[in-house]
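Colleague: Here it is, the structure in full.
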Amino acid sequence: FFPFTEPSAEVDVECVMCDGAGCRLCKGTGWLEILGSGMIDPNVLRGVKINPEKYSGFAFGMGIERIAMLKYGIDNIRLFYENDLRFLEQF
Amino acid sequence: MKIPIEWLKELVKFKATPDQLAHKLTMAGLETTVEKDVLEVDVLPNRADCWSIRGIAREVNAITGSDLRSPVSFVSKTKDQGPRTALTVEVQDKKLCPRYMARVIENVKVGPSPKWLKDRLEKVGIRSINNVVDVTNYLLLEIGQPMHAFDGALIEGQKIIVRLAKPSEKVLALDEKEYTLKKNMLVISDAKKAIAIAGVMGLANTGVTEKTTTIILESAFFDPISVYETSKALKLRSDSSIRFEHGVDWHGVEEAIDRAAAMIAEIGKGQILKGKIDKKGTPKKPKVVMLRPARVNQVLGTGCSAKEMFAILKRLGFKVSGSKVTIPLYRAADVYREADLIEEIARIYGYDKIAATMPNTSYAGKEVDLFDEFRTRVTELLAGCGLNETQTYSMVGEKEAGAAAIKIGNPMTVEESYMRTKLLPSLLKVMLHNLNRQIDDVLLFEVGKTFIPAKKKLPDEKWTLSCVATGSPFMSLIDKGLVDYSCLKGVLENLFATLGIEDARFIETRNPLVQQGKGCEVLGMGYVGELSSEIAAKFEIKKSVYFFELDLGALFKAVQKNSKYQPLPKFPFVSRDIALVAPQEVNNQMIISTIKQIGGDLVEDVFLFDKYKESSAYRIIFRNPDRTLTDDEVNAKHQQITQEIELKLNVRIRR
């Protein structure tokens with residue numbers, strides 16, 4: 001469920017830490033959510049003066065830091081904004 | 001929410017294994033995991049109806065197309081045996097409490113609950129208290145209707161009043177904590193005192209104990225927003241408040257109280273008094289929505305038949321008549337338009353059945369954003385110079401915000417309560433962060449936005465380039481050349497040359513950012529130099545800090561496009577040096593431009609090549625593009641230059 005899309009969908013990837021077995025990172029489910037999406041809610045379109053009967057739209061979003069964390073195995077999102085040189089120099 | 005499978009089976013028939021069922025529920029929008037013989041369902045904010053076993057049973061029914069069952073303990077009519085109750089109920093705020101029901105059971109023997117009841121509650125993680133409270137919790141779990149039981153003997157005046165709290169009314173709740181209420185909070189009270197925080201928690205003064213013999217049962221519909229705000233303000237959440245916040249089922253209010261009364265009468269061996277109190281307004285009418293099957297397929301990209309669509313909706317408990325769909329009250333908060341019906345159809349039909357395709361559009365086409373490209377180029381060039389790119393937040397604290405920075409109305413934290421007007425403070429914080437971690441060589445830059453307030457309109461969002469540096473850019477521990485002002489000036493000159501910015505002018509400045517005499521204004525763009533030691537100290541940095549901060553938009557405008565090829569010189573140059581001591585008010589740019597002006601066409605270039613104490617040494621490159629120069633010509637010109645510059649600028653030539 002997302003407030004701005006209807007229908008909505010969520011995309012999960014297999015947990016990178018445990019390969020789907022279940023661990024602390026994925027809270028035992030084996031899956032990590034990376035993306036939210038859906039058809040743009042007609043109310044949202046009307047709000048910006050677009051006729052939902054004429055136009056439809058879809059939207060999706062993913063946290064870019066999240067994806068980087070999963071790809072590189074970074075364990076703390078704050079590292080992206082602290083700018084510690086020992087972190088910056090790794091990339 | 002925890003759903004014991006064996007309890008669920010009492011309400012719906014299904015063949016799937018727990019794991020299969022969990023998977024099906026997850027795919028249909030209710031993330032479910034299995035913990036032995038209990039399903040753990042993650043109920044999202046839009047599904048008020050799923051905070052009960054019956055709600056999940058309905059979902060299972062819709063997904064698997066199986067049979068809903070009536071629970072074993074269901075009663076359609078209670079056995080009212082006793083005399084008529086004298087209890088009266090007055091609802092003073094009908095908006096916040098649109099329905100309030102009460103029933104009375106006498107001669108109840110309050111004690112421990114039977115084992116089957118205890119076990120069921122324990123499986124869901126609810127503590128068993130006594131056979132009366134447990135019944136109310138049982139029904140809360142099974143049908144999602146919270147109820148409360150009061151000790152009838154402790155109610156004064158045989159009266160229940162549903163009213164707003166008195167300002168600062170103090171109450172002691174069943175959790176043994178005292179709460180101070182606000183006058184917009186709804187309370188249940190008797191003739192003299194408050195007896196419950198409506199929808200949230202009962203008070204200690206009328207709780208059911210082993211001594212209780214008369215039970216007054218409450219079952220109601222409380223306004224969701226009122227319960228949410230009361231719960232939030234008091235920082236008090238309960239299984240009841242969660243359900244009221246999302247909106248309970250109007251019809252469930254009556255079913256729950258009837259079943260609770262019957263169960264308590266049976267388990268506690270009591271007598272239900274005649275007189276079921278029901279103070280209600282008119283319930284909202286169930287909404288009727290038109291469904292267009294063609295639109296469903298258009299939105300979803302499916303080829304579902306209209307028959308299939310309406311069958312799905314029927315399985316969900318919606319009434320269908322032609323293309324009119326009537327939505328049951330328990331789904332009213334979430335489903336009220338065609339788009340919502342489309343989502344219901346999609347999730348039960350199965351998202352995995354929706355074929356994946358690419359969108360059928362052609363790219364509208366837009367020219368490359370040149371400024372975008374420019375910014376990328378700048379970052380790449382600076383990284384190439386050995387600087388590290390950082391990313392900091394656009395929101396800063398009061399200390400970093402410039403004077404007249406825009407204040408944020410509802411900041412997340414004090415550290416992020418203003419929109420930054422300069423990049424420098426954020427970079428200085430990053431520098432300190434690194435210096436505090438034994439990293440002495442800090443060379444950072446950032447390309448980011450600053451927000452300059454403008455009168456009567458939205459602020460100017462300026463792309464800004466900023467750099468701070470201290471320590472050494474070199475890895476060697478032996479020859480640690482340190483970063484300084486001319487080093488950064490060199491970086492900028494290099495950057496400008498590569499980007500094609502040809503007439504940048506560096507002018508000495510008195511700007512307080514810059515340590516006196518150790519920096520310049522880059523005309524029209526910003527500043528470069530040694531950071532004022534006062535400012536560095538304000539940011540707790542004791543080392544020398546070198547910096548630049550430039551308006552990236554101005555930089556972009558300065559780029560000369562289409563610089564033309566200059567043919568190579570055919571004839572050699574002759575150079576002469578001149579050393580001079582200049583007064584305070586004469587700067588480098590002035591000297592160079594004066595020499596060029598005096599020298600005219602013969603002077604190809606002039607540059608500063610050495611400084612020693614107050615003496616500056618310049619090299620003048622003489623060249624005639626059309627022929628080789630003679631020594632005499634050069635000497636004469638050089639003489640002219642040295643004489644005239646002494647007069648024009650009042651410098652002292654060192655001979």
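Residues are named by chain letter and number: chains run A, B, ... in the order of the structure tokens, numbers start at 1 in each chain, and ligands are numbered from 1 in the order shown.
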Sorted by chain and rising residue number, which residues of chain A lie within 8 Å of chain B, and what are their closest atom pairs and distances in Å to one decimal, counting only C-alpha atoms, as JSON lines?
Modeller:
```
{"residue": "A:Phe1", "atom": "CA", "partner": "B:Leu44", "partner_atom": "CA", "distance": 6.7}
{"residue": "A:Glu6", "atom": "CA", "partner": "B:Glu343", "partner_atom": "CA", "distance": 6.2}
{"residue": "A:Pro7", "atom": "CA", "partner": "B:Glu343", "partner_atom": "CA", "distance": 4.5}
{"residue": "A:Ser8", "atom": "CA", "partner": "B:Glu343", "partner_atom": "CA", "distance": 7.6}
{"residue": "A:Thr29", "atom": "CA", "partner": "B:Thr33", "partner_atom": "CA", "distance": 7.1}
{"residue": "A:Met39", "atom": "CA", "partner": "B:Val299", "partner_atom": "CA", "distance": 8.0}
{"residue": "A:Asp41", "atom": "CA", "partner": "B:Ala339", "partner_atom": "CA", "distance": 7.5}
{"residue": "A:Pro42", "atom": "CA", "partner": "B:Ala339", "partner_atom": "CA", "distance": 7.5}
{"residue": "A:Ser56", "atom": "CA", "partner": "B:Val299", "partner_atom": "CA", "distance": 7.7}
{"residue": "A:Phe80", "atom": "CA", "partner": "B:Gln391", "partner_atom": "CA", "distance": 7.5}
{"residue": "A:Tyr81", "atom": "CA", "partner": "B:Thr392", "partner_atom": "CA", "distance": 5.6}
{"residue": "A:Glu82", "atom": "CA", "partner": "B:Val430", "partner_atom": "CA", "distance": 6.8}
{"residue": "A:Asn83", "atom": "CA", "partner": "B:Thr390", "partner_atom": "CA", "distance": 5.9}
{"residue": "A:Asp84", "atom": "CA", "partner": "B:Asn434", "partner_atom": "CA", "distance": 5.8}
{"residue": "A:Leu85", "atom": "CA", "partner": "B:Asn434", "partner_atom": "CA", "distance": 6.8}
{"residue": "A:Leu88", "atom": "CA", "partner": "B:Asn388", "partner_atom": "CA", "distance": 7.2}
{"residue": "A:Glu89", "atom": "CA", "partner": "B:Asn388", "partner_atom": "CA", "distance": 7.6}
```
Colleague: Give me the residues near Met69 of chain A as a VMD selection string, where near means some atom within 12 Å (using only C-alpha atoms) and where sequence neighbours in that chain fewer than 5 positions away do not count.
Modeller: chain A and resid 15 to 17 25 32 34 63 to 64 74 to 80
Colleague: I need the residues in segment 12-86 of chain A that are strand (DSSP E) according to DSSP; give them as a count of residues only.
Modeller: 17
Colleague: In terms of the shortest atom-to-atom distance over only C-alpha atoms, which of B:Asp223, B:Glu254, B:Glu90, B:Asp278 is closest to Ala191 of chain B?
Modeller: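 Between B:Asp223, B:Glu254, B:Glu90, B:Asp278, the residue approaching Ala191 of chain B most closely is B:Glu90.
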Colleague: Taking the backbone alone, and naming residues the way the document does, which bits of segment 362-467 of chain B are helix (DSSP H, G or I) by DSSP, as a PyMOL selection string?
Modeller: chain B and resi 370-384+414-416+424-435
Colleague: For the selection just defined, write its residues with N, CA, C and O atoms to a file, as a compact mmCIF listing (two decimals), in the first residue's frame.
Modeller:
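The new file again_2.txt reads:
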```txt
# COMPACT_ATOMS: atom_id res chain seq x y z
N LEU B 370 22.95 21.27 -21.08
CA LEU B 370 24.38 21.63 -21.09
C LEU B 370 24.92 21.95 -19.71
O LEU B 370 26.07 21.65 -19.40
N PHE B 371 24.09 22.56 -18.90
CA PHE B 371 24.56 22.91 -17.56
C PHE B 371 24.77 21.65 -16.72
O PHE B 371 25.71 21.54 -15.95
N ASP B 372 23.91 20.69 -16.93
CA ASP B 372 24.03 19.39 -16.29
C ASP B 372 25.37 18.74 -16.63
O ASP B 372 26.12 18.28 -15.78
N GLU B 373 25.65 18.76 -17.91
CA GLU B 373 26.92 18.20 -18.41
C GLU B 373 28.09 18.95 -17.82
O GLU B 373 29.11 18.35 -17.48
N PHE B 374 27.95 20.25 -17.76
CA PHE B 374 29.01 21.11 -17.24
C PHE B 374 29.34 20.73 -15.80
O PHE B 374 30.50 20.59 -15.41
N ARG B 375 28.31 20.53 -15.00
CA ARG B 375 28.52 20.19 -13.59
C ARG B 375 29.26 18.86 -13.47
O ARG B 375 30.16 18.71 -12.63
N THR B 376 28.87 17.91 -14.29
CA THR B 376 29.54 16.61 -14.25
C THR B 376 31.01 16.77 -14.61
O THR B 376 31.89 16.18 -13.97
N ARG B 377 31.26 17.59 -15.62
CA ARG B 377 32.64 17.81 -16.05
C ARG B 377 33.47 18.45 -14.95
O ARG B 377 34.61 18.06 -14.72
N VAL B 378 32.90 19.42 -14.29
CA VAL B 378 33.61 20.09 -13.21
C VAL B 378 33.98 19.09 -12.13
O VAL B 378 35.12 19.07 -11.65
N THR B 379 33.04 18.23 -11.74
CA THR B 379 33.36 17.26 -10.69
C THR B 379 34.45 16.31 -11.15
O THR B 379 35.36 15.98 -10.39
N GLU B 380 34.40 15.90 -12.40
CA GLU B 380 35.41 14.97 -12.89
C GLU B 380 36.79 15.63 -12.92
O GLU B 380 37.79 15.01 -12.54
N LEU B 381 36.83 16.89 -13.36
CA LEU B 381 38.12 17.59 -13.43
C LEU B 381 38.73 17.78 -12.04
O LEU B 381 39.92 17.58 -11.84
N LEU B 382 37.89 18.15 -11.09
CA LEU B 382 38.41 18.37 -9.74
C LEU B 382 38.84 17.07 -9.08
O LEU B 382 39.85 17.01 -8.37
N ALA B 383 38.07 16.01 -9.32
CA ALA B 383 38.49 14.71 -8.79
C ALA B 383 39.82 14.33 -9.42
O ALA B 383 40.70 13.77 -8.76
N GLY B 384 39.99 14.70 -10.67
CA GLY B 384 41.25 14.45 -11.35
C GLY B 384 42.40 15.22 -10.75
O GLY B 384 43.56 14.81 -10.83
N VAL B 414 17.04 19.84 14.87
CA VAL B 414 17.62 21.17 15.01
C VAL B 414 18.82 21.33 14.07
O VAL B 414 19.06 22.41 13.53
N GLU B 415 19.50 20.25 13.81
CA GLU B 415 20.66 20.27 12.93
C GLU B 415 20.29 20.52 11.48
O GLU B 415 21.14 20.78 10.65
N GLU B 416 19.03 20.40 11.17
CA GLU B 416 18.58 20.58 9.78
C GLU B 416 17.39 21.51 9.76
O GLU B 416 16.32 21.17 9.27
N LEU B 424 30.28 26.32 2.23
CA LEU B 424 31.49 26.27 3.06
C LEU B 424 31.28 25.69 4.45
O LEU B 424 32.03 24.82 4.89
N PRO B 425 30.26 26.15 5.19
CA PRO B 425 30.09 25.61 6.55
C PRO B 425 29.90 24.10 6.58
O PRO B 425 30.46 23.42 7.44
N SER B 426 29.15 23.56 5.63
CA SER B 426 28.96 22.12 5.61
C SER B 426 30.27 21.41 5.35
O SER B 426 30.58 20.39 5.97
N LEU B 427 31.08 21.96 4.46
CA LEU B 427 32.38 21.34 4.16
C LEU B 427 33.32 21.44 5.35
O LEU B 427 34.10 20.53 5.61
N LEU B 428 33.24 22.56 6.08
CA LEU B 428 34.11 22.70 7.25
C LEU B 428 33.73 21.67 8.31
O LEU B 428 34.59 21.10 8.99
N LYS B 429 32.46 21.38 8.42
CA LYS B 429 32.03 20.33 9.36
C LYS B 429 32.59 18.98 8.95
O LYS B 429 33.03 18.19 9.78
N VAL B 430 32.56 18.72 7.65
CA VAL B 430 33.11 17.45 7.17
C VAL B 430 34.61 17.40 7.44
O VAL B 430 35.15 16.37 7.84
N MET B 431 35.26 18.54 7.25
CA MET B 431 36.70 18.59 7.50
C MET B 431 36.98 18.26 8.96
O MET B 431 37.85 17.44 9.26
N LEU B 432 36.23 18.86 9.85
CA LEU B 432 36.42 18.60 11.28
C LEU B 432 36.18 17.13 11.59
O LEU B 432 36.93 16.51 12.34
N HIS B 433 35.14 16.57 11.00
CA HIS B 433 34.82 15.16 11.20
C HIS B 433 36.03 14.29 10.88
O HIS B 433 36.37 13.36 11.62
N ASN B 434 36.70 14.63 9.77
CA ASN B 434 37.86 13.85 9.36
C ASN B 434 39.08 14.13 10.23
O ASN B 434 39.78 13.21 10.63
N LEU B 435 39.31 15.42 10.57
CA LEU B 435 40.46 15.77 11.41
C LEU B 435 40.35 15.07 12.76
O LEU B 435 41.36 14.62 13.32
```
Colleague: What's around segment 150-163 of chain B at 6 Å? Count only C-alpha atoms, leave out sequence neighbours fewer than 5 positions away in its own chain, and write the answer as a PyMOL selection string.
Modeller: chain B and resi 87-92+186-191+206-208+212+214-216
Colleague: Determine, counting only C-alpha atoms, which protein, DNA and RNA residues have an atom within 9 Å of an atom of Gly36 of chain A; residues of the same chain fewer than 5 positions away are not included. Present the result as a list in words.
Modeller: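 The residues that qualify are Phe2, Ser8, Ala9, Glu10, Val11, Ala59, Phe60, Gly61 and Met62 of chain A.
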Colleague: Keeping N, CA, C and O atoms for every residue in the selection just given, could you write it to a file as a PDB file, in the first residue's frame?
Modeller:
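Resulting contents of part_9.pdb:
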```pdb
ATOM      1  N   PHE A   2       0.628   2.155  -0.939  1.00  0.00           N
ATOM      2  CA  PHE A   2       1.261   3.474  -0.922  1.00  0.00           C
ATOM      3  C   PHE A   2       0.157   4.496  -1.130  1.00  0.00           C
ATOM      4  O   PHE A   2      -0.749   4.277  -1.921  1.00  0.00           O
ATOM      5  N   SER A   8      -0.786  -0.656  -6.280  1.00  0.00           N
ATOM      6  CA  SER A   8       0.615  -0.480  -5.933  1.00  0.00           C
ATOM      7  C   SER A   8       1.306  -1.826  -5.916  1.00  0.00           C
ATOM      8  O   SER A   8       0.668  -2.867  -5.802  1.00  0.00           O
ATOM      9  N   ALA A   9       2.619  -1.762  -6.029  1.00  0.00           N
ATOM     10  CA  ALA A   9       3.377  -3.009  -5.955  1.00  0.00           C
ATOM     11  C   ALA A   9       4.728  -2.728  -5.319  1.00  0.00           C
ATOM     12  O   ALA A   9       5.202  -1.601  -5.332  1.00  0.00           O
ATOM     13  N   GLU A  10       5.308  -3.727  -4.785  1.00  0.00           N
ATOM     14  CA  GLU A  10       6.598  -3.605  -4.130  1.00  0.00           C
ATOM     15  C   GLU A  10       7.504  -4.659  -4.738  1.00  0.00           C
ATOM     16  O   GLU A  10       7.063  -5.771  -5.019  1.00  0.00           O
ATOM     17  N   VAL A  11       8.760  -4.282  -4.986  1.00  0.00           N
ATOM     18  CA  VAL A  11       9.698  -5.268  -5.520  1.00  0.00           C
ATOM     19  C   VAL A  11      10.711  -5.623  -4.447  1.00  0.00           C
ATOM     20  O   VAL A  11      11.315  -4.740  -3.840  1.00  0.00           O
ATOM     21  N   ALA A  59       4.539   5.054 -11.642  1.00  0.00           N
ATOM     22  CA  ALA A  59       5.645   5.658 -10.908  1.00  0.00           C
ATOM     23  C   ALA A  59       6.392   4.570 -10.168  1.00  0.00           C
ATOM     24  O   ALA A  59       5.818   3.557  -9.783  1.00  0.00           O
ATOM     25  N   PHE A  60       7.677   4.783 -10.007  1.00  0.00           N
ATOM     26  CA  PHE A  60       8.424   3.867  -9.150  1.00  0.00           C
ATOM     27  C   PHE A  60       9.567   4.629  -8.505  1.00  0.00           C
ATOM     28  O   PHE A  60      10.001   5.660  -9.016  1.00  0.00           O
ATOM     29  N   GLY A  61      10.010   4.128  -7.392  1.00  0.00           N
ATOM     30  CA  GLY A  61      11.101   4.816  -6.722  1.00  0.00           C
ATOM     31  C   GLY A  61      11.910   3.847  -5.895  1.00  0.00           C
ATOM     32  O   GLY A  61      11.375   2.921  -5.300  1.00  0.00           O
ATOM     33  N   MET A  62      13.197   4.061  -5.901  1.00  0.00           N
ATOM     34  CA  MET A  62      14.018   3.241  -5.019  1.00  0.00           C
ATOM     35  C   MET A  62      15.060   4.116  -4.362  1.00  0.00           C
ATOM     36  O   MET A  62      15.530   5.079  -4.934  1.00  0.00           O
TER      37      MET A  62
END
```
